[in-house]
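To keep things clear, I will list the structure first and then write my remarks on it.
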Amino acid sequence: IVPLKEILELFRPSLHLVEVLEPERMWLESEVLNEMGRFVLENSLSNVDVHVIKNASIVRGLEDFMHHYQIDLLVMPTHQYHGIRRLLNS
C-alpha cells in the first residue's frame with residue numbers, strides 16, 4: 001500500500017477501485033462495496049471512487065468502464081497468475 005500512497009500523493013490522480021461481477025455473482029455487490037470502502041478508510045486514501053460493475057465478461061466490463069470514465073491506465077494486482085492469464089486468454 002505504501003507505493004500506492006506515494007503515487008497518489010505525488011500525482012494526485014483519480015483512483016477507481018473496480019470489481020466486475022458476472023450476473024450470477026451480483027448478490028455479492030454490497031459485500032464487495034463494503035470491503036472496498038473499508039480498504040479506503042483503513043488506508044486513509046483520498047480521491048478514491050469504488051465501483052461494482054455487472055458484466056458477463058470481466059474483460060468487456062473493464063473495457064466499458066475505462067471507456068466511460070476515460071481511464072488512461074489500468075493496474076490489476078493479483079496474488080496469482082490466473083488473473084493475468086484470464087485477461088490474456090479471453
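Following the order of the C-alpha cells, chains are lettered A, B, ..., residues in each are numbered from 1, and ligands are numbered from 1.
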
| If we count only C-alpha atoms, what is near range 54-65 of chain A at a cut-off of 7 Å, once residues fewer than 2 positions away on the same chain are taken out, given as a list of chain:residue names? | A:Val20, A:Leu21, A:Glu22, A:Pro23, A:Met26, A:Val52, A:His67, A:His68, A:Tyr69, A:Leu87

| request: From the DSSP assignment of the backbone, select every residue of chain A that is helix (DSSP H, G or I), and format the answer as a ChimeraX atom specification. | output: /A:2-11,23-42,58-69,82-88

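Those residues that approach range 27-37 of chain A to within 9 Å, counting only C-alpha atoms, are Leu17, Val18, Glu19, Leu21, Glu42, Asp49, Val50, His51, Val52 and Ile53 of chain A; same-chain residues fewer than 5 positions away are not listed.
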
| message | What's around Pro13 in chain A at 9 Å? Count only C-alpha atoms, leave out sequence neighbours fewer than 5 positions away in its own chain, and write the answer as number ranges by chain. | response | A: 7-8, 47-48

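In the backbone-derived DSSP annotation, strand (DSSP E or B) within range 26-73 of chain A comprises A:Val48, A:Asp49, A:Val50, A:His51, A:Val52, A:Ile53, A:Lys54.
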
Kindly export the residues of the current selection with N, CA, C and O atoms, as a CSV table (one decimal), in the first residue's frame.
chain,number,residue,atom,x,y,z
A,48,VAL,N,-10.7,8.6,-4.1
A,48,VAL,CA,-10.9,7.3,-4.5
A,48,VAL,C,-12.5,7.0,-4.7
A,48,VAL,O,-13.2,7.4,-3.8
A,49,ASP,N,-12.8,6.4,-5.8
A,49,ASP,CA,-14.2,6.0,-6.0
A,49,ASP,C,-14.2,4.5,-6.1
A,49,ASP,O,-13.3,3.9,-6.6
A,50,VAL,N,-15.3,3.9,-5.6
A,50,VAL,CA,-15.4,2.5,-5.7
A,50,VAL,C,-16.6,2.1,-6.6
A,50,VAL,O,-17.6,2.8,-6.6
A,51,HIS,N,-16.4,1.1,-7.4
A,51,HIS,CA,-17.4,0.7,-8.4
A,51,HIS,C,-17.6,-0.8,-8.4
A,51,HIS,O,-16.6,-1.6,-8.3
A,52,VAL,N,-18.8,-1.3,-8.6
A,52,VAL,CA,-19.1,-2.7,-8.9
A,52,VAL,C,-19.8,-2.7,-10.2
A,52,VAL,O,-20.8,-2.0,-10.3
A,53,ILE,N,-19.3,-3.4,-11.2
A,53,ILE,CA,-19.9,-3.5,-12.5
A,53,ILE,C,-20.4,-4.8,-12.8
A,53,ILE,O,-19.8,-5.8,-12.5
A,54,LYS,N,-21.6,-4.9,-13.4
A,54,LYS,CA,-22.2,-6.2,-13.7
A,54,LYS,C,-21.9,-6.4,-15.2
A,54,LYS,O,-22.3,-5.6,-16.1

| query | Between CA of Lys5 in chain A and CA of Arg38 in chain A, what is the spacing in Å? | reply | 15.8 Å

| message | To one decimal place in Å, what is the distance between CA of Ile71 in chain A and CA of Val40 in chain A? | response | 19.6 Å

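Here CA of Leu74 in chain A and CA of Leu45 in chain A stand 18.0 Å from one another.
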